[in-house]
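Enquirer: You'll find coords32.txt just under this line, and it carries compact mmCIF, C-alpha atoms.
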```txt
# COMPACT_ATOMS: atom_id res chain seq x y z
CA MET A 1 114.92 119.03 111.69
CA THR A 2 111.31 118.70 110.47
CA GLN A 3 109.09 115.79 111.48
CA ASN A 4 109.58 114.21 108.07
CA GLU A 5 113.37 114.62 108.28
CA LYS A 6 113.33 112.96 111.71
CA LEU A 7 111.29 110.06 110.37
CA LEU A 8 113.61 109.58 107.39
CA PHE A 9 116.66 109.70 109.69
CA LEU A 10 115.14 106.99 111.90
CA ILE A 11 114.23 104.78 108.95
CA LYS A 12 117.70 105.09 107.43
CA CYS A 13 119.35 104.20 110.75
CA LEU A 14 117.18 101.12 111.14
CA LEU A 15 117.73 100.03 107.54
CA SER A 16 121.49 100.41 107.91
CA GLU A 17 121.55 97.95 110.84
CA ASN A 18 120.82 94.94 108.69
CA PRO A 19 122.42 94.12 105.31
CA ARG A 20 119.20 92.32 104.28
CA TYR A 21 117.37 95.68 104.38
CA GLN A 22 119.67 97.44 101.88
CA ASN A 23 117.26 96.86 98.97
CA ILE A 24 114.20 98.22 100.78
CA ASP A 25 112.96 101.40 99.15
CA ILE A 26 111.75 104.19 101.40
CA PRO A 27 108.24 105.25 100.33
CA THR A 28 107.63 108.88 99.37
CA ASN A 29 104.28 108.99 101.19
CA GLN A 30 104.67 109.98 104.86
CA THR A 31 101.97 107.55 106.01
CA GLU A 32 103.79 104.69 104.30
CA GLN A 33 107.10 105.93 105.73
CA PHE A 34 105.67 105.74 109.25
CA LYS A 35 104.36 102.24 108.51
CA LEU A 36 107.89 101.21 107.43
CA PHE A 37 109.39 102.80 110.56
CA ARG A 38 106.89 101.01 112.77
CA SER A 39 107.58 97.69 111.03
CA LEU A 40 111.34 98.05 111.41
CA VAL A 41 110.99 98.93 115.10
CA ASN A 42 108.60 96.00 115.69
CA ILE A 43 110.99 93.40 114.26
CA ARG A 44 114.20 94.89 115.67
CA PRO A 45 115.74 92.75 118.41
CA PRO A 46 116.64 94.56 121.64
CA LYS A 47 120.19 95.87 121.41
CA SER A 48 122.07 99.11 121.93
CA VAL A 49 121.39 102.09 119.73
CA SER A 50 123.09 105.47 119.46
CA ASP A 51 122.15 108.38 121.71
CA GLU A 52 121.47 110.42 118.56
CA PHE A 53 118.91 107.85 117.39
CA LEU A 54 117.16 107.91 120.77
CA GLN A 55 117.12 111.72 120.86
CA VAL A 56 115.69 112.03 117.34
CA GLN A 57 113.17 109.28 118.01
CA ASP A 58 112.10 110.89 121.28
CA ALA A 59 111.65 114.27 119.59
CA TYR A 60 109.69 112.65 116.75
CA LEU A 61 107.40 110.67 119.06
CA GLN A 62 106.88 113.61 121.45
CA GLU A 63 105.66 115.78 118.56
CA GLU A 64 103.37 113.01 117.30
CA ILE A 65 101.88 112.59 120.78
CA ALA A 66 101.45 116.37 121.14
CA LYS A 67 99.37 116.31 117.94
CA LYS A 68 97.09 113.67 119.47
CA GLY A 69 96.83 115.34 122.89
CA ILE A 70 97.44 113.92 126.36
CA THR A 71 94.88 112.50 128.80
CA ASP A 72 95.99 112.95 132.42
CA ILE A 73 94.78 110.33 134.88
CA ALA A 74 94.14 113.18 137.35
CA ASP A 75 91.30 114.29 135.05
CA LEU A 76 89.60 110.87 135.18
CA GLN A 77 87.24 109.44 137.79
CA PRO A 78 88.13 106.03 139.27
CA ILE A 79 85.53 103.26 139.06
CA SER A 80 86.94 101.89 142.31
CA GLU A 81 89.84 102.90 144.56
CA ASN A 82 92.89 103.36 142.28
CA ILE A 83 91.15 101.59 139.38
CA TYR A 84 90.33 103.53 136.25
CA LEU A 85 88.49 102.47 133.15
CA TRP A 86 89.54 104.45 130.10
CA LYS A 87 89.30 103.78 126.41
CA GLY A 88 91.78 105.39 124.07
CA ASP A 89 95.32 105.42 122.73
CA ILE A 90 97.60 104.36 125.62
CA THR A 91 100.47 106.33 124.13
CA THR A 92 98.55 109.49 125.06
CA LEU A 93 97.72 108.54 128.67
CA LYS A 94 99.71 110.28 131.43
CA CYS A 95 99.78 107.92 134.41
CA GLY A 96 102.15 106.03 136.68
CA ALA A 97 101.94 102.65 134.94
CA ILE A 98 100.14 100.69 132.27
CA VAL A 99 99.97 96.93 132.80
CA ASN A 100 100.93 94.84 129.79
CA ALA A 101 100.58 91.08 129.56
CA ALA A 102 103.91 90.45 127.83
CA ASN A 103 105.40 87.17 126.71
CA SER A 104 107.85 85.22 128.88
CA GLN A 105 110.88 86.98 127.33
CA MET A 106 109.35 90.40 128.12
CA LEU A 107 109.66 91.22 124.42
CA GLY A 108 107.15 92.29 121.81
CA CYS A 109 105.56 90.04 119.24
CA PHE A 110 107.93 91.11 116.41
CA GLN A 111 105.06 91.05 113.91
CA PRO A 112 105.24 94.29 111.88
CA CYS A 113 102.24 96.60 112.33
CA HIS A 114 100.34 94.03 114.39
CA ALA A 115 97.62 95.69 116.46
CA CYS A 116 98.84 94.26 119.77
CA ILE A 117 99.73 96.40 122.76
CA ASP A 118 103.44 95.62 122.42
CA ASN A 119 103.56 97.50 119.14
CA ALA A 120 101.89 100.58 120.59
CA ILE A 121 104.72 101.08 123.08
CA PRO A 122 107.37 103.45 121.73
CA PHE A 123 110.72 101.84 120.95
CA SER A 124 112.63 104.12 123.31
CA ILE A 125 110.66 102.80 126.28
CA THR A 126 111.36 99.16 125.42
CA GLN A 127 115.00 100.02 124.65
CA SER A 128 115.53 101.64 128.06
CA CYS A 129 113.79 98.75 129.80
CA MET A 130 116.05 96.24 128.06
CA GLN A 131 119.19 98.26 128.83
CA SER A 132 118.10 98.42 132.48
CA ARG A 133 117.44 94.66 132.61
CA MET A 134 120.81 93.90 131.00
CA ALA A 135 122.63 96.22 133.42
CA HIS A 136 120.98 94.68 136.49
CA GLY A 137 121.25 91.07 135.36
```
Can you dump the structure from the file as structure tokens?

Expert:
Amino acid sequence: MTQNEKLLFLIKCLLSENPRYQNIDIPTNQTEQFKLFRSLVNIRPPKSVSDEFLQVQDAYLQEEIAKKGITDIADLQPISENIYLWKGDITTLKCGAIVNAANSQMLGCFQPCHACIDNAIPFSITQSCMQSRMAHG
């Protein structure tokens, strides 16, 4: 499956979840397709999704990250013990944790394509966190 085929698969899955989305046309431009995908992910409430969706999404996002490159924290110099100052795309940073000041529900802002940190976090990460929270009460 090509990157574009993966993206179209993901969009179609997300559109099929809600009857209100049935009249949304999928753009032909790949940049606009990604914007639609991102919007649909940003407004989607946390709930179960198929393993196939997660596998395709993971493969799609991994390839997108590979295009951007990865910054390993081991290659950075701390400004103080265990404190690093780095400016860049957090989705390309390899480290143990990234602190996010989330809202009280531990959910994103649900505003499509908003430039907040919540919308930079891949859906599969938030999905697994929600599934873990629901499983552990």

Enquirer: Skipping near chain neighbours, those fewer than 3 positions away, what residues fall within 12 Å of Glu32 of chain A using only C-alpha atoms, listed as a ChimeraX atom specification?

Expert: /A:4,7-8,11,25-29,35-39,113

Enquirer: Under the rule that only C-alpha atoms are counted, which of A:Lys47, A:Thr91, A:Lys12, A:Gln77 is the nearest residue to Glu64 of chain A?

Expert: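 Between A:Lys47, A:Thr91, A:Lys12, A:Gln77, the residue approaching Glu64 of chain A most closely is A:Thr91.
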
Enquirer: When you count all atoms listed in the file, which of these residues is closest to Asn42 of chain A: A:Leu14, A:Ile65, A:Ile24, A:Ile83?

Expert: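 Nearest candidate to Asn42 of chain A out of A:Leu14, A:Ile65, A:Ile24, A:Ile83: A:Leu14.
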
Enquirer: Looking at only C-alpha atoms, which of A:Ile70, A:Cys13, A:Val41, A:Ile79 is the one that sits closest to Leu93 of chain A?

Expert: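 Residue with the minimum atom-to-atom distance to Leu93 of chain A: A:Ile70.
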
Enquirer: Just the number, please: distance in Å from atom CA of Leu54 of chain A to atom CA of Phe9 of chain A, one decimal.

Expert: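 Between atom CA of Leu54 of chain A and atom CA of Phe9 of chain A the gap is 11.2 Å.
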